[in-house]
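Student: Please find one structure pasted underneath; my questions will follow.
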Amino acid sequence: QASESVASQRMEGKRGKIVPEIEEISLQDLPLEGSEGWWRRSLKDYAQRFRVKVKVHLQGLEPLVISQSPQLAWEKSDPMTTGGTVWDAALLLSVYLSRRPRRLQGYRVLELGSGTGLVGLVASRLGAEVIFTDLPGMLPLLEANVRRNLPASAQIRPLAWQDAAGSWVHGERYDLVLMSDVLYHEGQYDSLLTAR
């Protein structure tokens, strides 16, 4: 009954349109290849992009509940503060990972620009040890999502790419580095490439 009451809760969106407070997404039902007829979260209204929680279902695993928020601290290296919403690329990468569940078991994974944390949370549910990173101003939302979905031992660290060479990440070993929809300013490329 609790899930029925959550599903029935609504909020007012654009032009008075009533939208559910939780958007349900099944990774199993999303297409991995081809974009013909594929929906775009980026075209949704403000309430759906930033106020609605996203519940992501993974086949045979506990669903993930992801909060979104427009209220993020401004960062000089990311003036658009784009980490507050679930982007289409994060869903597509999550679909890709979920269709190869055994590949991540036991992997040590670094997620760059975690944003809401969806991709890293999916990797964690699939057996990876994930270190979630983002700019300091993005961490409160990321921490809330990780704490809601994973044990308290999950690692969340601040990381600005331009400072990575001299930071905690320098010299660490990872089996896989994940990032989704993080390169949208040309000035970020060099910082990322030199942060080994």
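Ordering of the structure tokens sets the chain letters (A, B, ...), residue numbers begin anew at 1 in every chain, and ligands are numbered from 1 in the order given.
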Residues within 6 Å of Leu135 of chain A, please, as an mmCIF file with C-alpha atoms, in the first residue's frame. Count only C-alpha atoms; anything in the same chain fewer than 4 positions from it doesn't count.

Tutor:
data_model
loop_
_atom_site.group_PDB
_atom_site.id
_atom_site.type_symbol
_atom_site.label_atom_id
_atom_site.label_comp_id
_atom_site.auth_asym_id
_atom_site.auth_seq_id
_atom_site.Cartn_x
_atom_site.Cartn_y
_atom_site.Cartn_z
ATOM 1 C CA PRO A 158 35.286 15.926 -4.258
ATOM 2 C CA LEU A 159 37.293 16.122 -7.463
ATOM 3 C CA ALA A 160 37.931 19.003 -9.843
#

Student: DSSP says alpha helix (DSSP H) for which residues of segment 53-175 of chain A? Put them as a tab-separated table (two decimals) with C-alpha atoms, in the first residue's frame?

Tutor:
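That gives us part-v4.tsv:
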chain	number	residue	atom	x	y	z
A	88	ASP	CA	19.64	10.65	-21.13
A	89	ALA	CA	23.32	9.66	-21.44
A	90	ALA	CA	23.34	8.41	-17.82
A	91	LEU	CA	20.30	6.25	-18.55
A	92	LEU	CA	21.86	4.89	-21.74
A	93	LEU	CA	25.15	4.04	-20.00
A	94	SER	CA	23.15	2.45	-17.16
A	95	VAL	CA	21.27	0.30	-19.69
A	96	TYR	CA	24.59	-0.75	-21.23
A	97	LEU	CA	26.03	-1.72	-17.84
A	98	SER	CA	22.88	-3.51	-16.70
A	118	LEU	CA	22.88	7.10	-11.25
A	119	VAL	CA	25.65	5.42	-13.29
A	120	GLY	CA	27.82	4.67	-10.25
A	121	LEU	CA	24.81	3.40	-8.32
A	122	VAL	CA	23.97	0.98	-11.13
A	123	ALA	CA	27.62	-0.18	-11.22
A	124	SER	CA	27.54	-0.66	-7.44
A	125	ARG	CA	24.36	-2.71	-7.62
A	139	LEU	CA	28.25	16.69	-3.38
A	140	PRO	CA	25.17	17.26	-1.17
A	141	LEU	CA	22.77	15.85	-3.80
A	142	LEU	CA	25.20	13.07	-4.74
A	143	GLU	CA	25.68	12.12	-1.07
A	144	ALA	CA	21.92	12.03	-0.47
A	145	ASN	CA	21.38	9.71	-3.43
A	146	VAL	CA	24.29	7.41	-2.57
A	147	ARG	CA	23.29	7.18	1.13
A	148	ARG	CA	19.67	6.43	0.18
A	149	ASN	CA	20.67	3.55	-2.11

Student: When you count only C-alpha atoms, which of these residues is closest to Asp175 of chain A: A:Leu193, A:Ile156, A:Leu126, A:Leu110?

Tutor: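 Among A:Leu193, A:Ile156, A:Leu126, A:Leu110, it is A:Leu110 that comes nearest to Asp175 of chain A.
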
Student: Go through A:Tyr174, A:Leu112, A:Gln162, A:Arg157 and flag the residue nearest Ala128 of chain A, using only C-alpha atoms for the distances.

Tutor: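 Answer, going by the shortest atom-to-atom distance: A:Tyr174.
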
Student: Write out as a list in words each polymer residue whose atoms come within 12 Å of Gly60 of chain A, counting only C-alpha atoms; drop sequence neighbours fewer than 3 positions from it.

Tutor: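 Final neighbour list, sorted by chain and number: Ser26, Leu27, Gln28, His57, Pro63, Ser98, Arg99, Pro101, Arg125 and Leu126 of chain A.
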
Student: Could those residues be written to a file, using N, CA, C and O atoms, as a PDB file, in the first residue's frame?

Tutor:
ATOM      1  N   SER A  26      12.292   1.608 -16.172  1.00  0.00           N
ATOM      2  CA  SER A  26      12.852   0.261 -16.159  1.00  0.00           C
ATOM      3  C   SER A  26      13.984   0.204 -17.171  1.00  0.00           C
ATOM      4  O   SER A  26      13.762   0.407 -18.369  1.00  0.00           O
ATOM      5  N   LEU A  27      15.198  -0.078 -16.706  1.00  0.00           N
ATOM      6  CA  LEU A  27      16.338  -0.157 -17.629  1.00  0.00           C
ATOM      7  C   LEU A  27      16.140  -1.268 -18.645  1.00  0.00           C
ATOM      8  O   LEU A  27      16.593  -1.168 -19.781  1.00  0.00           O
ATOM      9  N   GLN A  28      15.457  -2.313 -18.237  1.00  0.00           N
ATOM     10  CA  GLN A  28      15.213  -3.442 -19.138  1.00  0.00           C
ATOM     11  C   GLN A  28      14.358  -3.022 -20.340  1.00  0.00           C
ATOM     12  O   GLN A  28      14.508  -3.561 -21.430  1.00  0.00           O
ATOM     13  N   HIS A  57      14.496   0.902 -12.164  1.00  0.00           N
ATOM     14  CA  HIS A  57      14.368  -0.530 -11.901  1.00  0.00           C
ATOM     15  C   HIS A  57      15.434  -1.295 -12.678  1.00  0.00           C
ATOM     16  O   HIS A  57      15.593  -1.103 -13.877  1.00  0.00           O
ATOM     17  N   PRO A  63      15.319  -1.525  -6.721  1.00  0.00           N
ATOM     18  CA  PRO A  63      15.327  -0.293  -7.525  1.00  0.00           C
ATOM     19  C   PRO A  63      16.143   0.807  -6.848  1.00  0.00           C
ATOM     20  O   PRO A  63      16.311   0.811  -5.629  1.00  0.00           O
ATOM     21  N   SER A  98      23.823  -2.528 -17.256  1.00  0.00           N
ATOM     22  CA  SER A  98      22.879  -3.510 -16.702  1.00  0.00           C
ATOM     23  C   SER A  98      22.724  -4.740 -17.589  1.00  0.00           C
ATOM     24  O   SER A  98      22.321  -5.795 -17.123  1.00  0.00           O
ATOM     25  N   ARG A  99      23.083  -4.609 -18.854  1.00  0.00           N
ATOM     26  CA  ARG A  99      22.990  -5.757 -19.764  1.00  0.00           C
ATOM     27  C   ARG A  99      24.273  -6.582 -19.784  1.00  0.00           C
ATOM     28  O   ARG A  99      24.370  -7.557 -20.516  1.00  0.00           O
ATOM     29  N   PRO A 101      25.899  -7.562 -16.517  1.00  0.00           N
ATOM     30  CA  PRO A 101      26.022  -7.481 -15.061  1.00  0.00           C
ATOM     31  C   PRO A 101      27.246  -8.167 -14.472  1.00  0.00           C
ATOM     32  O   PRO A 101      27.794  -7.702 -13.489  1.00  0.00           O
ATOM     33  N   ARG A 125      25.346  -1.639  -7.725  1.00  0.00           N
ATOM     34  CA  ARG A 125      24.357  -2.714  -7.620  1.00  0.00           C
ATOM     35  C   ARG A 125      24.789  -3.950  -8.403  1.00  0.00           C
ATOM     36  O   ARG A 125      24.387  -5.056  -8.097  1.00  0.00           O
ATOM     37  N   LEU A 126      25.618  -3.753  -9.414  1.00  0.00           N
ATOM     38  CA  LEU A 126      26.096  -4.867 -10.235  1.00  0.00           C
ATOM     39  C   LEU A 126      27.406  -5.462  -9.713  1.00  0.00           C
ATOM     40  O   LEU A 126      28.018  -6.275 -10.379  1.00  0.00           O
TER      41      LEU A 126
END

Student: With only C-alpha atoms as the basis for distance, which of A:Phe50, A:Ile131, A:Gly137, A:Gly115 is at the shortest distance from Glu172 of chain A?

Tutor: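 Closest residue, counting only C-alpha atoms: A:Ile131.
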
Student: Which residue is closest to Val130 of chain A? Choose from A:Gly166, A:Gly113, A:Leu58, A:Leu178 and count only C-alpha atoms.

Tutor: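 Checking each of A:Gly166, A:Gly113, A:Leu58, A:Leu178 against Val130 of chain A, counting only C-alpha atoms, the winner is A:Leu178.
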
Student: Quick one: of A:Trp168, A:Glu24, A:Arg103, A:Lys44, who's nearest to Thr85 of chain A, counting only C-alpha atoms?

Tutor: A:Lys44

Student: Please return, as a PyMOL selection string, all residues of segment 38-175 of chain A that DSSP assigns to strand (DSSP E) on the basis of the backbone.

Tutor: chain A and resi 53-57+64-66+108-111+129-134+155-158
